[in-house]
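Visitor: Quick one: the structure is below, questions incoming.
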Amino acid sequence: MALSGHCMCGAVTWRYSGDIIRNLVCHCADCQRATSSPFTAFLGLRADELSWAGDIRHYESSTDTFRSFCPSCGTRLYFRSTRWPSEIHVHAATLTDPGDYRPDAQVFMRSRLKWLERLPSIPTHDGFQQQPARQLGT
């Protein structure tokens, strides 16, 4: 399988040419905090079949656990831990076409935010449902 992706600004790119090990949506509190989102979707990829281009920064979120990001735009790129030494968990939103992503499991459901259950019943819009509030000083 051949996959590719990039950060928001395009300064960091990646290519992968192996089998996908995992396709998960993670609801753990660490992923929520690290990504500022209610969950994280990621692909577990073999580290030796993944190539990166661009400057990548790392944050050691706990002992031997690293979360990477693009220093130009701040896009979260991947999660890596010595618990899975041959894997890198790449954020699915960095895929060239994130719409192609198909998770096959959700994990850490005990941490799933309760308001996610309401999403199907909340009105939807193709854009903001109202004009943004006036900025201060304008």
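For the structure tokens, the naming scheme is as follows: chains receive sequential letters (A, B, ...) according to their order of presentation, residues are indexed from 1 within each chain, and ligands are indexed from 1 in presentation order.
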Do a neighbour search on Tyr101 (chain A) at 12 Å with only C-alpha atoms, toss out local chain neighbours closer than 6 positions, and write the hits as a ChimeraX atom specification.

Guide: /A:3-5,20,22-25,41-43,90-95

Visitor: For Thr75 (chain A), work out the shell of residues within 9 Å, counting only C-alpha atoms and skipping chain neighbours fewer than 2 positions away, then give it as an NGL selection string.

Guide: :A and (7-9 or 68-73 or 77 or 94)

Visitor: Ranking A:Asp64, A:Ser111, A:Gly44, A:Tyr16 by minimum distance to Glu87 (chain A) and counting only C-alpha atoms, which one comes first?

Guide: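 Comparing A:Asp64, A:Ser111, A:Gly44, A:Tyr16 against Glu87 (chain A), the winner is A:Gly44.
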
Visitor: With distances taken over only C-alpha atoms, which residue among A:Gln130, A:Thr82, A:Ser37, A:Thr65 lies nearest Leu116 (chain A)?

Guide: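 Of the candidates, the smallest distance to Leu116 (chain A) is held by A:Ser37.
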
Visitor: Residues at most 6 Å from region 45-55 of chain A, counting only C-alpha atoms, excluding those fewer than 6 positions away in the same chain, as a list of chain:residue names?

Guide: A:Ala11, A:Val12, A:Thr13, A:Trp14, A:Arg15, A:Tyr16, A:Ser17, A:Gly18, A:Ile20, A:Ile21, A:Ser86, A:Glu87, A:Ile88

Visitor: Taking the DSSP assignment computed from this structure's backbone, write out as a PyMOL selection string all residues of region 11-100 of chain A that belong to strand (DSSP E or B).

Guide: chain A and resi 13-16+20-26+40-46+50-53+57-62+65-69+76-81+87-91+95

Visitor: Residues of region 18-127 of chain A classed as alpha helix (DSSP H) by DSSP on the backbone are to be reported as a list of chain:residue names.

Guide: A:Ala29, A:Asp30, A:Cys31, A:Gln32, A:Arg33, A:Ala34, A:Thr35

Visitor: Taking only C-alpha atoms into account, which of A:Arg102, A:Arg112, A:His6, A:Arg83 comes nearest Asp30 (chain A)?

Guide: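 Ranked by minimum distance to Asp30 (chain A), first place goes to A:Arg112.
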
Visitor: Tell me which of A:His89, A:Ile56, A:His27, A:Phe128 sits closest to Gly10 (chain A), counting only C-alpha atoms.

Guide: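 Smallest distance to Gly10 (chain A) is found for A:Ile56.
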
Visitor: Let me make sure I understand: among A:Asp97, A:Thr40, A:Pro103, A:Pro120, which one has the smallest atom-to-atom distance to Phe79 (chain A) if we use only C-alpha atoms?

Guide: A:Thr40

Visitor: With distances taken over only C-alpha atoms, which residue among A:Ala29, A:Ala34, A:Ala2, A:Ile122 lies nearest Arg76 (chain A)?

Guide: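 Result for the nearest residue to Arg76 (chain A): A:Ala34.
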